[in-house]
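Here's model.cif, which has mmCIF, C-alpha atoms and all ligand atoms:
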```
data_my_file
#
loop_
_atom_site.group_PDB
_atom_site.id
_atom_site.type_symbol
_atom_site.label_atom_id
_atom_site.label_comp_id
_atom_site.auth_asym_id
_atom_site.auth_seq_id
_atom_site.Cartn_x
_atom_site.Cartn_y
_atom_site.Cartn_z
ATOM 1 C CA MET Q 1 -86.489 83.326 16.735
ATOM 2 C CA THR Q 2 -86.561 83.459 20.523
ATOM 3 C CA SER Q 3 -87.053 80.332 22.570
ATOM 4 C CA THR Q 4 -90.504 81.575 23.547
ATOM 5 C CA GLU Q 5 -91.563 82.039 19.925
ATOM 6 C CA ASP Q 6 -90.201 78.566 19.340
ATOM 7 C CA SER Q 7 -92.889 77.161 21.614
ATOM 8 C CA GLY Q 8 -95.674 78.919 19.798
ATOM 9 C CA THR Q 9 -96.760 80.500 23.092
ATOM 10 C CA GLY Q 10 -96.417 83.962 24.550
ATOM 11 C CA THR Q 11 -94.735 84.499 27.916
ATOM 12 C CA GLU Q 12 -98.174 84.734 29.543
ATOM 13 C CA ASP Q 13 -98.706 81.122 28.450
ATOM 14 C CA ARG Q 14 -95.613 79.698 30.101
ATOM 15 C CA ARG Q 15 -96.538 76.257 31.321
ATOM 16 C CA VAL Q 16 -95.238 74.735 34.568
ATOM 17 C CA VAL Q 17 -93.752 71.285 34.218
ATOM 18 C CA ILE Q 18 -92.365 68.721 36.680
ATOM 19 C CA VAL Q 19 -89.841 66.243 35.274
ATOM 20 C CA THR Q 20 -88.590 63.292 37.328
ATOM 21 C CA GLY Q 21 -85.385 61.447 36.514
ATOM 22 C CA ALA Q 22 -84.180 64.870 35.426
ATOM 23 C CA ALA Q 23 -80.469 64.529 36.127
ATOM 24 C CA SER Q 24 -79.637 62.308 33.183
ATOM 25 C CA GLY Q 25 -80.653 60.973 29.803
ATOM 26 C CA ILE Q 26 -84.258 61.379 28.651
ATOM 27 C CA GLY Q 27 -85.330 63.406 31.703
ATOM 28 C CA ARG Q 28 -82.417 65.805 31.294
ATOM 29 C CA ALA Q 29 -83.260 66.239 27.609
ATOM 30 C CA ALA Q 30 -86.910 66.898 28.509
ATOM 31 C CA VAL Q 31 -85.986 69.518 31.133
ATOM 32 C CA GLU Q 32 -83.743 71.324 28.684
ATOM 33 C CA LEU Q 33 -86.306 71.151 25.852
ATOM 34 C CA PHE Q 34 -89.201 72.518 27.925
ATOM 35 C CA ALA Q 35 -86.965 75.236 29.378
ATOM 36 C CA ALA Q 36 -85.565 76.192 25.948
ATOM 37 C CA ARG Q 37 -89.135 76.553 24.683
ATOM 38 C CA GLY Q 38 -89.968 79.014 27.409
ATOM 39 C CA HIS Q 39 -91.592 76.963 30.141
ATOM 40 C CA HIS Q 40 -90.929 76.740 33.889
ATOM 41 C CA VAL Q 41 -89.421 73.408 34.923
ATOM 42 C CA ILE Q 42 -89.074 71.677 38.279
ATOM 43 C CA ALA Q 43 -86.417 68.995 37.928
ATOM 44 C CA VAL Q 44 -86.487 66.041 40.355
ATOM 45 C CA ASP Q 45 -83.897 63.318 40.789
ATOM 46 C CA ILE Q 46 -82.270 61.193 43.465
ATOM 47 C CA ASP Q 47 -78.869 62.187 42.068
ATOM 48 C CA GLU Q 48 -78.176 65.631 43.539
ATOM 49 C CA SER Q 49 -74.912 66.222 41.711
ATOM 50 C CA GLY Q 50 -76.462 65.317 38.363
ATOM 51 C CA LEU Q 51 -79.009 68.102 38.832
ATOM 52 C CA SER Q 52 -76.344 70.762 39.310
ATOM 53 C CA ASP Q 53 -75.513 71.510 35.664
ATOM 54 C CA LEU Q 54 -78.926 71.395 33.969
ATOM 55 C CA ARG Q 55 -79.388 74.048 31.298
ATOM 56 C CA GLY Q 56 -82.431 76.325 31.313
ATOM 57 C CA ASP Q 57 -82.328 77.252 34.995
ATOM 58 C CA PRO Q 58 -84.878 74.770 36.362
ATOM 59 C CA ILE Q 59 -85.789 74.555 40.039
ATOM 60 C CA VAL Q 60 -84.078 71.387 41.270
ATOM 61 C CA LEU Q 61 -85.306 69.039 43.994
ATOM 62 C CA THR Q 62 -83.552 65.944 45.296
ATOM 63 C CA GLY Q 63 -85.433 62.863 46.429
ATOM 64 C CA ASP Q 64 -86.495 59.294 45.796
ATOM 65 C CA VAL Q 65 -89.628 59.170 43.626
ATOM 66 C CA SER Q 66 -90.723 55.860 45.095
ATOM 67 C CA ALA Q 67 -91.695 57.795 48.258
ATOM 68 C CA GLU Q 68 -94.657 60.135 48.552
ATOM 69 C CA GLU Q 69 -92.701 63.038 50.035
ATOM 70 C CA ILE Q 70 -90.685 64.224 47.022
ATOM 71 C CA ASN Q 71 -93.694 63.961 44.721
ATOM 72 C CA ALA Q 72 -95.782 66.104 47.060
ATOM 73 C CA ARG Q 73 -92.871 68.548 47.486
ATOM 74 C CA ALA Q 74 -92.524 68.966 43.712
ATOM 75 C CA VAL Q 75 -96.221 69.849 43.348
ATOM 76 C CA ARG Q 76 -96.070 72.229 46.339
ATOM 77 C CA THR Q 77 -93.070 73.920 44.768
ATOM 78 C CA ALA Q 78 -94.911 74.392 41.461
ATOM 79 C CA LEU Q 79 -97.901 75.931 43.219
ATOM 80 C CA ASP Q 80 -95.861 78.101 45.626
ATOM 81 C CA ARG Q 81 -93.546 79.458 42.932
ATOM 82 C CA PHE Q 82 -95.815 79.687 39.901
ATOM 83 C CA GLY Q 83 -99.372 79.174 41.152
ATOM 84 C CA ARG Q 84 -100.092 76.350 38.727
ATOM 85 C CA LEU Q 85 -99.009 72.987 37.350
ATOM 86 C CA ASP Q 86 -99.630 71.966 33.742
ATOM 87 C CA THR Q 87 -97.590 68.829 33.054
ATOM 88 C CA VAL Q 88 -95.890 66.042 35.000
ATOM 89 C CA VAL Q 89 -93.291 63.957 33.187
ATOM 90 C CA LEU Q 90 -92.967 60.882 35.414
ATOM 91 C CA ASN Q 91 -89.824 59.536 33.857
ATOM 92 C CA ALA Q 92 -87.441 58.356 36.611
ATOM 93 C CA GLY Q 93 -86.611 54.699 36.180
ATOM 94 C CA THR Q 94 -84.129 52.053 37.055
ATOM 95 C CA GLY Q 95 -83.037 48.614 35.884
ATOM 96 C CA GLY Q 96 -80.851 45.899 37.342
ATOM 97 C CA THR Q 97 -83.133 42.867 37.192
ATOM 98 C CA PRO Q 98 -81.369 39.888 38.833
ATOM 99 C CA PRO Q 99 -81.826 36.218 37.906
ATOM 100 C CA LEU Q 100 -85.091 35.021 39.460
ATOM 101 C CA GLU Q 101 -83.388 32.364 41.568
ATOM 102 C CA SER Q 102 -80.563 34.536 42.891
ATOM 103 C CA PRO Q 103 -80.516 35.620 46.560
ATOM 104 C CA GLY Q 104 -82.490 38.814 47.123
ATOM 105 C CA ALA Q 105 -84.191 38.660 43.717
ATOM 106 C CA VAL Q 106 -87.630 39.514 45.049
ATOM 107 C CA GLU Q 107 -86.296 42.424 47.085
ATOM 108 C CA ALA Q 108 -84.516 43.698 43.966
ATOM 109 C CA ALA Q 109 -87.778 43.440 42.030
ATOM 110 C CA ASP Q 110 -89.522 45.403 44.801
ATOM 111 C CA ARG Q 111 -86.922 48.151 44.385
ATOM 112 C CA ILE Q 112 -87.411 48.271 40.596
ATOM 113 C CA LEU Q 113 -91.199 48.263 40.920
ATOM 114 C CA GLY Q 114 -90.899 50.908 43.637
ATOM 115 C CA VAL Q 115 -89.127 53.350 41.341
ATOM 116 C CA ASN Q 116 -90.698 52.459 37.988
ATOM 117 C CA LEU Q 117 -94.301 51.831 39.061
ATOM 118 C CA ARG Q 118 -94.929 53.199 42.552
ATOM 119 C CA GLY Q 119 -93.010 56.363 41.580
ATOM 120 C CA PRO Q 120 -95.400 57.360 38.771
ATOM 121 C CA ILE Q 121 -98.407 56.385 40.919
ATOM 122 C CA HIS Q 122 -97.222 58.717 43.691
ATOM 123 C CA GLY Q 123 -96.359 61.341 41.096
ATOM 124 C CA LEU Q 124 -99.780 61.361 39.487
ATOM 125 C CA ARG Q 125 -101.603 61.147 42.830
ATOM 126 C CA ALA Q 126 -99.770 64.221 44.081
ATOM 127 C CA ALA Q 127 -100.332 66.150 40.858
ATOM 128 C CA ILE Q 128 -103.977 65.397 40.059
ATOM 129 C CA PRO Q 129 -105.612 68.209 42.083
ATOM 130 C CA ALA Q 130 -103.370 70.782 40.391
ATOM 131 C CA LEU Q 131 -103.716 69.216 36.919
ATOM 132 C CA ARG Q 132 -107.485 69.272 37.289
ATOM 133 C CA HIS Q 133 -107.330 73.071 37.595
ATOM 134 C CA THR Q 134 -105.258 73.520 34.423
ATOM 135 C CA ARG Q 135 -106.761 70.593 32.481
ATOM 136 C CA GLY Q 136 -103.173 69.432 32.312
ATOM 137 C CA SER Q 137 -101.548 66.143 31.474
ATOM 138 C CA ALA Q 138 -99.195 63.424 32.702
ATOM 139 C CA ILE Q 139 -96.643 61.536 30.637
ATOM 140 C CA PHE Q 140 -95.070 58.335 31.939
ATOM 141 C CA THR Q 141 -91.892 56.868 30.476
ATOM 142 C CA ALA Q 142 -92.705 53.229 29.786
ATOM 143 C CA SER Q 143 -90.514 51.237 27.365
ATOM 144 C CA VAL Q 144 -90.589 48.798 24.483
ATOM 145 C CA ALA Q 145 -89.628 46.462 27.324
ATOM 146 C CA GLY Q 146 -93.213 46.995 28.516
ATOM 147 C CA LEU Q 147 -94.615 45.762 25.202
ATOM 148 C CA ARG Q 148 -92.579 42.549 24.896
ATOM 149 C CA GLY Q 149 -90.284 40.511 27.132
ATOM 150 C CA ASP Q 150 -86.477 40.641 27.168
ATOM 151 C CA PRO Q 151 -84.267 37.775 28.284
ATOM 152 C CA GLY Q 152 -83.093 38.334 31.866
ATOM 153 C CA ASN Q 153 -85.202 41.464 32.373
ATOM 154 C CA TRP Q 154 -88.354 40.145 34.063
ATOM 155 C CA ALA Q 155 -88.701 42.736 36.840
ATOM 156 C CA TYR Q 156 -88.085 45.667 34.504
ATOM 157 C CA ASN Q 157 -90.449 44.113 31.913
ATOM 158 C CA ALA Q 158 -93.136 43.775 34.589
ATOM 159 C CA SER Q 159 -92.724 47.360 35.766
ATOM 160 C CA LYS Q 160 -92.910 48.847 32.268
ATOM 161 C CA GLY Q 161 -95.746 46.564 31.137
ATOM 162 C CA ALA Q 162 -97.716 47.724 34.151
ATOM 163 C CA LEU Q 163 -97.162 51.360 33.180
ATOM 164 C CA VAL Q 164 -98.608 50.772 29.706
ATOM 165 C CA ASN Q 165 -101.844 49.549 31.234
ATOM 166 C CA LEU Q 166 -101.761 52.079 34.048
ATOM 167 C CA VAL Q 167 -101.974 54.990 31.596
ATOM 168 C CA ARG Q 168 -105.097 53.437 30.099
ATOM 169 C CA ALA Q 169 -106.714 53.052 33.523
ATOM 170 C CA PHE Q 170 -105.780 56.540 34.752
ATOM 171 C CA ALA Q 171 -106.815 58.064 31.419
ATOM 172 C CA LEU Q 172 -110.311 56.646 31.963
ATOM 173 C CA ASP Q 173 -110.457 57.796 35.561
ATOM 174 C CA TYR Q 174 -109.474 61.383 34.772
ATOM 175 C CA ALA Q 175 -110.734 62.058 31.234
ATOM 176 C CA ALA Q 176 -114.015 63.529 32.454
ATOM 177 C CA GLN Q 177 -111.989 65.938 34.603
ATOM 178 C CA GLY Q 178 -109.998 67.114 31.585
ATOM 179 C CA VAL Q 179 -106.691 65.497 32.575
ATOM 180 C CA ARG Q 180 -104.889 63.480 29.887
ATOM 181 C CA VAL Q 181 -102.575 60.583 30.804
ATOM 182 C CA ASN Q 182 -100.192 59.076 28.244
ATOM 183 C CA ALA Q 183 -96.829 57.359 28.002
ATOM 184 C CA ILE Q 184 -93.907 57.079 25.669
ATOM 185 C CA ALA Q 185 -92.297 53.712 25.022
ATOM 186 C CA PRO Q 186 -88.696 54.397 24.079
ATOM 187 C CA GLY Q 187 -86.616 51.868 22.248
ATOM 188 C CA LEU Q 188 -82.924 51.649 23.025
ATOM 189 C CA THR Q 189 -81.745 55.192 23.753
ATOM 190 C CA ARG Q 190 -78.224 56.475 24.352
ATOM 191 C CA THR Q 191 -78.327 57.187 28.128
ATOM 192 C CA ALA Q 192 -76.672 56.025 31.341
ATOM 193 C CA ILE Q 193 -79.147 53.174 31.813
ATOM 194 C CA THR Q 194 -77.907 51.563 28.568
ATOM 195 C CA SER Q 195 -74.217 52.434 29.011
ATOM 196 C CA GLY Q 196 -73.337 48.720 29.162
ATOM 197 C CA VAL Q 197 -74.508 48.360 25.558
ATOM 198 C CA HIS Q 198 -72.750 51.500 24.400
ATOM 199 C CA ARG Q 199 -69.466 50.334 25.914
ATOM 200 C CA ASN Q 200 -69.688 47.084 23.899
ATOM 201 C CA PRO Q 201 -69.332 47.959 20.184
ATOM 202 C CA ALA Q 202 -70.059 44.413 18.945
ATOM 203 C CA LEU Q 203 -73.288 44.201 20.970
ATOM 204 C CA LEU Q 204 -74.313 47.718 19.917
ATOM 205 C CA ALA Q 205 -73.761 46.838 16.239
ATOM 206 C CA GLU Q 206 -75.835 43.673 16.597
ATOM 207 C CA ILE Q 207 -78.676 45.576 18.268
ATOM 208 C CA GLU Q 208 -78.578 48.351 15.671
ATOM 209 C CA ARG Q 209 -78.772 45.728 12.906
ATOM 210 C CA ARG Q 210 -82.184 44.718 14.316
ATOM 211 C CA ILE Q 211 -83.579 48.256 14.476
ATOM 212 C CA PRO Q 212 -85.314 49.205 11.210
ATOM 213 C CA LEU Q 213 -83.996 52.785 11.350
ATOM 214 C CA GLY Q 214 -80.542 51.290 11.912
ATOM 215 C CA ARG Q 215 -79.514 53.131 15.064
ATOM 216 C CA VAL Q 216 -80.348 53.708 18.712
ATOM 217 C CA ALA Q 217 -82.262 56.863 19.709
ATOM 218 C CA GLU Q 218 -80.801 60.023 21.169
ATOM 219 C CA PRO Q 219 -82.474 61.244 24.397
ATOM 220 C CA GLU Q 220 -83.546 64.432 22.614
ATOM 221 C CA GLU Q 221 -85.710 62.338 20.263
ATOM 222 C CA GLN Q 222 -87.575 60.913 23.257
ATOM 223 C CA ALA Q 223 -87.942 64.386 24.748
ATOM 224 C CA GLU Q 224 -89.619 65.576 21.529
ATOM 225 C CA ALA Q 225 -92.228 62.812 21.891
ATOM 226 C CA ILE Q 226 -92.861 63.867 25.501
ATOM 227 C CA TRP Q 227 -93.145 67.474 24.341
ATOM 228 C CA PHE Q 228 -95.736 66.491 21.744
ATOM 229 C CA LEU Q 229 -97.882 64.534 24.221
ATOM 230 C CA ALA Q 230 -97.780 67.461 26.652
ATOM 231 C CA SER Q 231 -98.658 70.015 23.988
ATOM 232 C CA PRO Q 232 -102.038 71.347 22.830
ATOM 233 C CA ALA Q 233 -101.342 69.474 19.560
ATOM 234 C CA ALA Q 234 -102.119 66.276 21.514
ATOM 235 C CA SER Q 235 -105.359 67.623 23.017
ATOM 236 C CA TYR Q 236 -107.418 64.604 21.855
ATOM 237 C CA ILE Q 237 -104.881 61.958 22.904
ATOM 238 C CA THR Q 238 -105.277 60.139 26.200
ATOM 239 C CA GLY Q 239 -104.653 56.591 27.413
ATOM 240 C CA THR Q 240 -102.092 55.893 24.732
ATOM 241 C CA THR Q 241 -98.463 54.825 24.645
ATOM 242 C CA LEU Q 242 -96.464 56.454 21.892
ATOM 243 C CA VAL Q 243 -93.813 54.020 20.709
ATOM 244 C CA VAL Q 244 -90.549 55.789 19.857
ATOM 245 C CA ASP Q 245 -88.338 52.908 18.812
ATOM 246 C CA GLY Q 246 -87.065 53.317 15.248
ATOM 247 C CA GLY Q 247 -89.525 50.688 14.008
ATOM 248 C CA LEU Q 248 -88.440 47.897 16.349
ATOM 249 C CA ASP Q 249 -91.943 47.015 17.572
ATOM 250 C CA ALA Q 250 -93.371 47.121 14.029
ATOM 251 C CA ASN Q 251 -91.257 44.138 13.024
ATOM 252 C CA LEU Q 252 -92.346 40.546 13.558
ATOM 253 C CA GLY Q 253 -88.636 39.722 13.474
ATOM 254 C CA ILE Q 254 -88.692 36.507 11.464
ATOM 255 C CA LEU Q 255 -87.480 37.863 8.121
ATOM 256 C CA PRO Q 256 -84.223 39.775 7.727
ATOM 257 C CA LEU Q 257 -84.561 43.523 7.201
ATOM 258 C CA PRO Q 258 -83.980 44.858 3.664
ATOM 259 C CA GLY Q 259 -80.303 45.209 2.838
ATOM 260 C CA GLN Q 260 -79.192 42.438 5.177
ATOM 261 C CA GLY Q 261 -77.979 40.077 2.456
ATOM 262 C CA PHE Q 262 -80.921 37.804 1.540
HETATM 263 N N1 LIG Q 301 -82.385 54.444 27.671
HETATM 264 C C1 LIG Q 301 -83.213 53.536 27.171
HETATM 265 O O1 LIG Q 301 -82.849 52.773 26.257
HETATM 266 C C2 LIG Q 301 -84.619 53.445 27.682
HETATM 267 C C3 LIG Q 301 -85.519 52.669 26.943
HETATM 268 C C4 LIG Q 301 -86.838 52.573 27.401
HETATM 269 C C5 LIG Q 301 -87.233 53.239 28.565
HETATM 270 N N2 LIG Q 301 -86.312 53.957 29.267
HETATM 271 C C6 LIG Q 301 -86.787 54.624 30.469
HETATM 272 O O2 LIG Q 301 -86.521 56.000 30.348
HETATM 273 C C7 LIG Q 301 -86.512 56.595 31.650
HETATM 274 C C8 LIG Q 301 -85.297 57.481 31.753
HETATM 275 O O3 LIG Q 301 -84.140 56.683 31.721
HETATM 276 P P1 LIG Q 301 -82.841 57.100 30.910
HETATM 277 O O4 LIG Q 301 -82.707 56.195 29.772
HETATM 278 O O5 LIG Q 301 -82.819 58.562 30.699
HETATM 279 O O6 LIG Q 301 -81.724 56.635 31.966
HETATM 280 P P2 LIG Q 301 -80.766 57.464 32.925
HETATM 281 O O7 LIG Q 301 -80.152 56.445 33.807
HETATM 282 O O8 LIG Q 301 -79.887 58.343 32.105
HETATM 283 O O9 LIG Q 301 -81.765 58.395 33.744
HETATM 284 C C9 LIG Q 301 -82.602 57.898 34.769
HETATM 285 C C10 LIG Q 301 -82.647 58.945 35.867
HETATM 286 O O10 LIG Q 301 -83.583 58.496 36.856
HETATM 287 C C11 LIG Q 301 -83.016 58.795 38.123
HETATM 288 N N3 LIG Q 301 -83.578 57.945 39.161
HETATM 289 C C12 LIG Q 301 -83.391 56.600 39.308
HETATM 290 N N4 LIG Q 301 -84.014 56.173 40.405
HETATM 291 C C13 LIG Q 301 -84.604 57.268 40.968
HETATM 292 C C14 LIG Q 301 -85.391 57.444 42.130
HETATM 293 N N5 LIG Q 301 -85.691 56.430 42.962
HETATM 294 N N6 LIG Q 301 -85.844 58.703 42.397
HETATM 295 C C15 LIG Q 301 -85.533 59.737 41.590
HETATM 296 N N7 LIG Q 301 -84.783 59.612 40.487
HETATM 297 C C16 LIG Q 301 -84.329 58.388 40.178
HETATM 298 C C17 LIG Q 301 -81.530 58.549 37.936
HETATM 299 O O11 LIG Q 301 -80.746 59.156 38.954
HETATM 300 C C18 LIG Q 301 -81.296 59.141 36.551
HETATM 301 O O12 LIG Q 301 -80.951 60.493 36.613
HETATM 302 C C19 LIG Q 301 -86.524 55.435 32.629
HETATM 303 O O13 LIG Q 301 -87.843 55.268 33.120
HETATM 304 C C20 LIG Q 301 -86.129 54.248 31.773
HETATM 305 O O14 LIG Q 301 -86.610 53.041 32.284
HETATM 306 C C21 LIG Q 301 -85.030 54.078 28.848
#
```
Written as structure tokens, that's how I'd like the structure from this file.
Ligand SMILES: NC(=O)c1ccc[n+]([C@@H]2O[C@H](COP(=O)([O-])OP(=O)(O)OC[C@H]3O[C@@H](n4cnc5c(N)ncnc54)[C@H](O)[C@@H]3O)[C@@H](O)[C@H]2O)c1
Amino acid sequence: MTSTEDSGTGTEDRRVVIVTGAASGIGRAAVELFAARGHHVIAVDIDESGLSDLRGDPIVLTGDVSAEEINARAVRTALDRFGRLDTVVLNAGTGGTPPLESPGAVEAADRILGVNLRGPIHGLRAAIPALRHTRGSAIFTASVAGLRGDPGNWAYNASKGALVNLVRAFALDYAAQGVRVNAIAPGLTRTAITSGVHRNPALLAEIERRIPLGRVAEPEEQAEAIWFLASPAASYITGTTLVVDGGLDANLGILPLPGQGF
């Protein structure tokens, strides 16, 4: 089976996809998945060197998604090179929430909100005219941290919680124009942003004990959820956040999980 057959589309149906946060983790997995399934990908990240070894031969663009310029440039590139844009995966994100009372805490929150919230707003704003033509779709990467709070993670929680509601609002604004807007909410996923956890085996084991499926996610599992939301199989889905968390959010968390000794 060729990669094109894999996608269920012929070469004439190759979609054009922008992925932000493409140099690493979930974004990298999404770039490589869309490319392997025969689609054209424009990969955007602030980390130029991380973009250099992406598989699937994407077009790479370097820039900070919290600014308008790179978002507009990505859309221009899609239209100049391929004449269309079908999907934007607005995935770039950052953490690093400081204690509320520490010096510079509000400025740090502005930075996090700039990347995680303003970035997808710029990204969708730039893409909408092109998506309207293709009746395309946008996928934001929210988080389970946008569904509940975490200790010590207030700025990140705020940014991701806002995204969950933003997809509802944008879905309403653009449904009549044929543009779908959705999000994924990953649970803990093995990427650079969670490397602190992965370097601490005792903490990782404790976290995995609380996840019903008993393990963290691989970035490829998040990319598959993005793929689904972007695909024609999701043609009636808009304004939703697809939780991809191994059952974490399903659990009230009071009782121990089966097999944990009670
Ligand atoms: N890994 C997890 O457990 C997890 C869980 C829930 C949500 N998420 C979200 O998934 C998304 C992808 O993160 P990941 O886990 O793959 O982490 P990652 O650190 O591997 O990848 C994030 C990428 O975003 C890029 N980026 C950061 N700031 C940027 C900016 N201003 N402009 C352009 N690019 C920028 C980084 O350079 C990096 O390549 C993020 O939005 C993150 O918040 C991750």
- Please provide as a ChimeraX atom specification all residues within 9 Å of Gly50 in chain Q, with the sequence filter that same-chain residues fewer than 5 positions apart are discarded (counting only C-alpha atoms). /Q:22-24,45
How close does each residue of chain Q get to ligand LIG 301 (chain Q), giving the shortest atom pair and distance in Å to one decimal for every residue with an atom at most 7 Å away, counting only C-alpha atoms and all ligand atoms, sorted by chain and residue number, as CSV?
```
residue,atom,partner,partner_atom,distance
Q:Thr20,CA,Q:LIG301,N7,6.2
Q:Gly21,CA,Q:LIG301,O10,3.5
Q:Ala22,CA,Q:LIG301,O12,5.6
Q:Ala23,CA,Q:LIG301,O12,4.1
Q:Ser24,CA,Q:LIG301,O12,4.1
Q:Gly25,CA,Q:LIG301,O5,3.4
Q:Ile26,CA,Q:LIG301,O5,3.8
Q:Gly27,CA,Q:LIG301,O5,5.5
Q:Val44,CA,Q:LIG301,C15,6.5
Q:Asp45,CA,Q:LIG301,N7,3.8
Q:Ile46,CA,Q:LIG301,C15,4.0
Q:Asp47,CA,Q:LIG301,O11,4.7
Q:Gly50,CA,Q:LIG301,O12,6.8
Q:Gly63,CA,Q:LIG301,C15,5.8
Q:Asp64,CA,Q:LIG301,N6,3.5
Q:Val65,CA,Q:LIG301,N6,4.0
Q:Ser66,CA,Q:LIG301,N5,5.5
Q:Asn91,CA,Q:LIG301,O13,4.8
Q:Ala92,CA,Q:LIG301,O10,3.9
Q:Gly93,CA,Q:LIG301,O13,3.3
Q:Thr94,CA,Q:LIG301,C12,5.1
Q:Gly95,CA,Q:LIG301,O14,6.7
Q:Val115,CA,Q:LIG301,N5,4.9
Q:Asn116,CA,Q:LIG301,O13,6.3
Q:Thr141,CA,Q:LIG301,O13,5.1
Q:Ala142,CA,Q:LIG301,C5,5.6
Q:Ser143,CA,Q:LIG301,C4,3.9
Q:Val144,CA,Q:LIG301,C4,6.1
Q:Ala145,CA,Q:LIG301,C4,6.7
Q:Ala185,CA,Q:LIG301,C4,6.1
Q:Pro186,CA,Q:LIG301,C4,4.2
Q:Gly187,CA,Q:LIG301,C3,4.9
Q:Leu188,CA,Q:LIG301,O1,3.4
Q:Thr189,CA,Q:LIG301,O1,3.7
Q:Arg190,CA,Q:LIG301,N1,5.7
Q:Thr191,CA,Q:LIG301,O8,4.4
Q:Ala192,CA,Q:LIG301,O8,4.0
Q:Ile193,CA,Q:LIG301,O7,4.0
Q:Thr194,CA,Q:LIG301,N1,5.4
Q:Pro219,CA,Q:LIG301,O5,6.9
```
- Query: Neighbours of Pro99 in chain Q within 9 Å (only C-alpha atoms; same-chain residues fewer than 4 positions away dropped), as a list in words?
  - Reply: Pro103, Ala105, Gly152, Asn153 and Trp154 of chain Q
Report as an mmCIF file with C-alpha atoms, keeping the file's coordinate frame the residues that result from applying the PyMOL selection byres (((chain Q and resi 167-169) around 8) and not hetatm) to the structure here.
```
data_model
loop_
_atom_site.group_PDB
_atom_site.id
_atom_site.type_symbol
_atom_site.label_atom_id
_atom_site.label_comp_id
_atom_site.auth_asym_id
_atom_site.auth_seq_id
_atom_site.Cartn_x
_atom_site.Cartn_y
_atom_site.Cartn_z
ATOM 1 C CA PHE Q 140 -95.070 58.335 31.939
ATOM 2 C CA LEU Q 163 -97.162 51.360 33.180
ATOM 3 C CA VAL Q 164 -98.608 50.772 29.706
ATOM 4 C CA ASN Q 165 -101.844 49.549 31.234
ATOM 5 C CA LEU Q 166 -101.761 52.079 34.048
ATOM 6 C CA PHE Q 170 -105.780 56.540 34.752
ATOM 7 C CA ALA Q 171 -106.815 58.064 31.419
ATOM 8 C CA LEU Q 172 -110.311 56.646 31.963
ATOM 9 C CA ASP Q 173 -110.457 57.796 35.561
ATOM 10 C CA VAL Q 181 -102.575 60.583 30.804
ATOM 11 C CA ASN Q 182 -100.192 59.076 28.244
ATOM 12 C CA ALA Q 183 -96.829 57.359 28.002
ATOM 13 C CA THR Q 238 -105.277 60.139 26.200
ATOM 14 C CA GLY Q 239 -104.653 56.591 27.413
ATOM 15 C CA THR Q 240 -102.092 55.893 24.732
ATOM 16 C CA THR Q 241 -98.463 54.825 24.645
#
```
Quick one: what's the axis-aligned box for range 169-186 of chain Q, all listed atoms, 3 Å on every side, centre and edges in Å to one decimal, as JSON?
```
{"center_x": -101.4, "center_y": 60.1, "center_z": 29.8, "size_x": 31.3, "size_y": 20.1, "size_z": 17.5}
```
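Of the residues under consideration (Q:Ile237, Q:Val244, Q:Val16, Q:Ala175), Q:Val244 shows the shortest atom-to-atom contact distance to Glu218 in chain Q when counting all atoms listed in the file.
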- Task: Using all atoms listed in the file, determine which residues lie at most 6 Å from Val88 in chain Q, disregarding the query and same-chain residues fewer than 2 positions distant; provide the list as a PyMOL selection string.
- Result: chain Q and resi 17-18+90+138
- Could you tell me which residues the PyMOL selection byres (((chain Q and resi 159) around 6) and not hetatm) grabs in this file, written as an MDAnalysis selection string? chainID Q and resid 113 116:117 156:158 160:162
- Task: Compare Q:Ala109, Q:Leu124, Q:Leu100, Q:Leu255 by their minimum atom-to-atom distance to Glu68 in chain Q, counting all atoms listed in the file, and give me the closest one.
- Result: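 Closest candidate: Q:Leu124.
Computed from the coordinates, the CA of Leu204 in chain Q to CA of Leu242 in chain Q distance equals 23.9 Å.
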